[in-house]
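Here is the structure we will look at.
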Amino acid sequence: MAKNATKDMTKGSPAKLILQFCVPLFFGMLFQQFYSMMDTVIVGKFLGVNALAAVGATGSINFMVIGFCMGVCNGFAIPVAQQFGAGDYHALRKYVANSVWLAIVFAGAMTTAVCLLCNQILAWMKTPMDIRDGAYSYIFVIFLGIPVIYLYNLLSGIIRSLGDSKSPLIFLIFSSILNIVLDMVLILNFHMGVAGAAWATVISQGISGLACLVYMVKRFDILKITKEEWRLEWSYTGVLCNMGIPMGLQYSITAIGSVILQTAVNTLGSAAVASTAAATKISMFFCCPFDAMGSTMATYAGQNVGAGKLARVSKGMKSTCILGLVYSVLACAVLTIFGKTIALLFVDASETAILQNVGWFLTINSSLFFPLALVNIVRFTIQGLGFSRFAILAGVCEMAARSVVGLGFVPVFGYIAACFANPVAWICADLFLVPAYWHVMKKLHKMMEKKEAQPGVG
């Protein structure tokens, strides 16, 4: 095994390990959001407000479908992290091999289904007719790229489960730069419109996924899978599906609320859609640390529960929550003061109504970033501990909250109501997740006490 390529998170200071793992992961997600945001910046600046609205109108359905892919891949990586923590490398390789087969099946089925339904989905969402064609051109290409989304997220998830969060960062930096270059070339030189931005994203992520594959083959001796280990086995696929599908559904169920909310915003007109698109991109950029903290805790909790070290999980949880609180305060200050200025990346200064809307959205959302930090930290910890089905219930809480705001409040109070949808959803999810975490930890403690009490154990 290439010792310098893996990282054992079951020994040493939890706070130090989490920070060391989280920082590269944060920068990786930051670059991922950066090239996603650059799509929007280039589209808004060079193609106009309608094109910006067209891309923005697909945001929630994009999150629902692509989020499922990412959730499934994150779930597939959890048994790998657990087996790495337990030191069972044969089982680890079996999980990796079976996850590859499942990813191929999922990617093929999903690509076919969503591409066929793409136009109908936009109609169901009441996408304004003046941006419908642009929205279709963008999201159809993104959906065609589902296989490369599985490729990158599965492989990078496996790499992280082995304790290496730095290598995916390097690949993402390269693909981010490539994405920006392709954006400019395809939109400005080849005049491909919003479809050019989508193709830039797909191509860049595909290259990043291939880079992960080459790196894994060359650097991880632990992943040299034999012919026998490549065999599809239902006992392994069952565990993987039990982990992956609930995590994927958590993303999708959460996104259903976003789709309902987006549908309500769509009825407010193209300007409101453009405002939401710009504000959401900025907000997601600043939320990267929360995603990094969550993914870190999934790997950290997975390795430590595999090693039977629950006390370390609790210590890691406390350290990460403190980190989340500190960052939440800083991010709120920046977005409250400079939110409108940052929005000028997307639209001209003459678009005063849009800039005002973006300012309200960012101020309201950032003031409640800590509940979002808890959502990510607690949810991913629970998933890393092996209880991914709780994620579905947390997703239901978020979906219900966004749906209530979208259906009940946006039609009455307009755009300002949409600004409160995310914070309300985060708080509702926390009201479920925090008690769920204590329940899971209590259950695991009892399971380990029972195991230690058995003759010949411990």
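By order in the structure tokens, chains are A, B, ...; within a chain, residues start at 1; ligands start at 1, following the order shown.
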
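Excluding Val141 of chain A itself and any same-chain residue fewer than 4 positions from it, the protein and nucleic acid residues within 10 Å of it, counting only C-alpha atoms, are Cys115, Tyr136, Ser137, Gly145, Ile146, Val194, Ala195, Gly196, Ala197, Ala198, Trp199, Ala200, Thr201 and Val202 of chain A.
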
Report as a PDB file with all heavy atoms, in the first residue's frame all protein, DNA and RNA residues lying within 8 Å of Ile207 of chain A, evaluated on only C-alpha atoms, omitting residues in the same chain fewer than 4 positions from it.
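The new file part.pdb reads:
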```
ATOM      1  N   SER A 175      -9.328  21.442 -13.511  1.00  0.00           N
ATOM      2  CA  SER A 175     -10.583  21.421 -14.268  1.00  0.00           C
ATOM      3  C   SER A 175     -11.316  22.754 -14.171  1.00  0.00           C
ATOM      4  O   SER A 175     -12.032  23.139 -15.100  1.00  0.00           O
ATOM      5  CB  SER A 175     -11.486  20.278 -13.785  1.00  0.00           C
ATOM      6  OG  SER A 175     -11.897  20.491 -12.456  1.00  0.00           O
ATOM      7  N   ILE A 203     -17.355  18.724 -19.799  1.00  0.00           N
ATOM      8  CA  ILE A 203     -16.022  18.331 -20.263  1.00  0.00           C
ATOM      9  C   ILE A 203     -14.997  18.458 -19.140  1.00  0.00           C
ATOM     10  O   ILE A 203     -14.166  17.563 -18.926  1.00  0.00           O
ATOM     11  CB  ILE A 203     -15.608  19.183 -21.481  1.00  0.00           C
ATOM     12  CG1 ILE A 203     -16.501  18.865 -22.680  1.00  0.00           C
ATOM     13  CG2 ILE A 203     -14.139  18.930 -21.839  1.00  0.00           C
ATOM     14  CD1 ILE A 203     -16.329  19.838 -23.848  1.00  0.00           C
ATOM     15  N   ALA A 211      -8.698  12.028 -14.314  1.00  0.00           N
ATOM     16  CA  ALA A 211      -7.478  12.275 -13.536  1.00  0.00           C
ATOM     17  C   ALA A 211      -7.516  11.496 -12.221  1.00  0.00           C
ATOM     18  O   ALA A 211      -6.502  10.926 -11.797  1.00  0.00           O
ATOM     19  CB  ALA A 211      -7.319  13.768 -13.273  1.00  0.00           C
TER      20      ALA A 211
END
```

| task | Rank A:Leu240, A:Leu162, A:Ile256, A:Cys288 by their smallest atom-to-atom distance to Lys94 of chain A, using only C-alpha atoms, and report the top residue only. | result |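 Counting only C-alpha atoms, the residue closest to Lys94 of chain A is A:Leu240.
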
| query | Could you pull the residues within 10 Å of Thr341 of chain A, counting only C-alpha atoms, minus those fewer than 6 positions along the same chain, as a list in words? | reply |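 Counting only the stated atoms, we get Leu335, Ala349, Leu355, Val358 and Gly359 of chain A.
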
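Nearest residue to Ile180 of chain A, choosing from A:Ile42, A:Leu155, A:Cys241, A:Ala400 and counting only C-alpha atoms: A:Ile42.
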
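The nearest approach to Ala417 of chain A among the residues A:Phe361, A:Tyr215, A:Trp230, A:Phe46, with only C-alpha atoms taken into account, belongs to A:Phe361.
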
| query | Pro168 of chain A: which residues within 12 Å, counting only C-alpha atoms, same-chain residues fewer than 2 positions away excluded, as number ranges by chain? | reply | A: 5, 21, 24-32, 152-161, 163-166, 170-176, 205, 207-216

Please produce an output containing C-alpha atoms for each residue in the selection, written as a PDB file, in the first residue's frame.
```pdb
ATOM      1  CA  ALA A   5      -1.486   8.246  -0.145  1.00  0.00           C
ATOM      2  CA  PHE A  21      -8.551  16.988   6.049  1.00  0.00           C
ATOM      3  CA  PRO A  24      -8.010  20.779   1.069  1.00  0.00           C
ATOM      4  CA  LEU A  25     -11.575  19.529   0.748  1.00  0.00           C
ATOM      5  CA  PHE A  26     -12.843  23.077   1.236  1.00  0.00           C
ATOM      6  CA  PHE A  27     -10.591  24.446  -1.489  1.00  0.00           C
ATOM      7  CA  GLY A  28     -11.679  21.618  -3.785  1.00  0.00           C
ATOM      8  CA  MET A  29     -15.341  22.469  -3.280  1.00  0.00           C
ATOM      9  CA  LEU A  30     -14.498  26.150  -3.565  1.00  0.00           C
ATOM     10  CA  PHE A  31     -12.987  25.592  -6.995  1.00  0.00           C
ATOM     11  CA  GLN A  32     -15.938  23.400  -7.957  1.00  0.00           C
ATOM     12  CA  TYR A 152     -15.739  12.044 -10.633  1.00  0.00           C
ATOM     13  CA  ASN A 153     -17.852  11.870  -7.465  1.00  0.00           C
ATOM     14  CA  LEU A 154     -17.455   8.128  -6.983  1.00  0.00           C
ATOM     15  CA  LEU A 155     -13.688   8.142  -7.449  1.00  0.00           C
ATOM     16  CA  SER A 156     -13.051  11.302  -5.443  1.00  0.00           C
ATOM     17  CA  GLY A 157     -15.297   9.908  -2.689  1.00  0.00           C
ATOM     18  CA  ILE A 158     -13.254   6.704  -2.545  1.00  0.00           C
ATOM     19  CA  ILE A 159      -9.997   8.679  -2.445  1.00  0.00           C
ATOM     20  CA  ARG A 160     -11.321  10.779   0.442  1.00  0.00           C
ATOM     21  CA  SER A 161     -12.551   7.701   2.299  1.00  0.00           C
ATOM     22  CA  GLY A 163      -7.952   9.839   4.096  1.00  0.00           C
ATOM     23  CA  ASP A 164      -6.643  11.727   1.054  1.00  0.00           C
ATOM     24  CA  SER A 165      -8.453  15.022   0.542  1.00  0.00           C
ATOM     25  CA  LYS A 166      -5.569  16.835  -1.184  1.00  0.00           C
ATOM     26  CA  ILE A 170      -5.398  19.373  -7.474  1.00  0.00           C
ATOM     27  CA  PHE A 171      -7.644  17.811 -10.117  1.00  0.00           C
ATOM     28  CA  LEU A 172     -10.398  20.348  -9.440  1.00  0.00           C
ATOM     29  CA  ILE A 173      -8.054  23.311  -9.717  1.00  0.00           C
ATOM     30  CA  PHE A 174      -7.011  22.115 -13.153  1.00  0.00           C
ATOM     31  CA  SER A 175     -10.583  21.421 -14.268  1.00  0.00           C
ATOM     32  CA  SER A 176     -11.760  24.792 -12.908  1.00  0.00           C
ATOM     33  CA  GLN A 205     -15.666  17.410 -14.814  1.00  0.00           C
ATOM     34  CA  ILE A 207     -11.342  15.285 -17.312  1.00  0.00           C
ATOM     35  CA  SER A 208     -11.223  15.677 -13.526  1.00  0.00           C
ATOM     36  CA  GLY A 209     -12.823  12.236 -13.143  1.00  0.00           C
ATOM     37  CA  LEU A 210     -10.292  10.635 -15.505  1.00  0.00           C
ATOM     38  CA  ALA A 211      -7.478  12.275 -13.536  1.00  0.00           C
ATOM     39  CA  CYS A 212      -8.842  10.686 -10.340  1.00  0.00           C
ATOM     40  CA  LEU A 213      -8.911   7.299 -12.070  1.00  0.00           C
ATOM     41  CA  VAL A 214      -5.306   7.516 -13.246  1.00  0.00           C
ATOM     42  CA  TYR A 215      -4.173   8.672  -9.805  1.00  0.00           C
ATOM     43  CA  MET A 216      -5.983   5.832  -8.032  1.00  0.00           C
TER      44      MET A 216
END
```

| Residue with smallest distance to Ile225 of chain A - pool A:Asn98, A:Asn50, A:Asn376, A:Gln83, counting only C-alpha atoms |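 Answer, going by the shortest atom-to-atom distance: A:Asn98.
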
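With atom CA of Thr299 of chain A on one side and atom CA of Gly386 of chain A on the other, the separation reads 11.1 Å.
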
| query | Pick from A:Val41, A:Cys73, A:Leu144, A:Trp101: nearest to Val114 of chain A, with only C-alpha atoms counted? | reply | A:Leu144
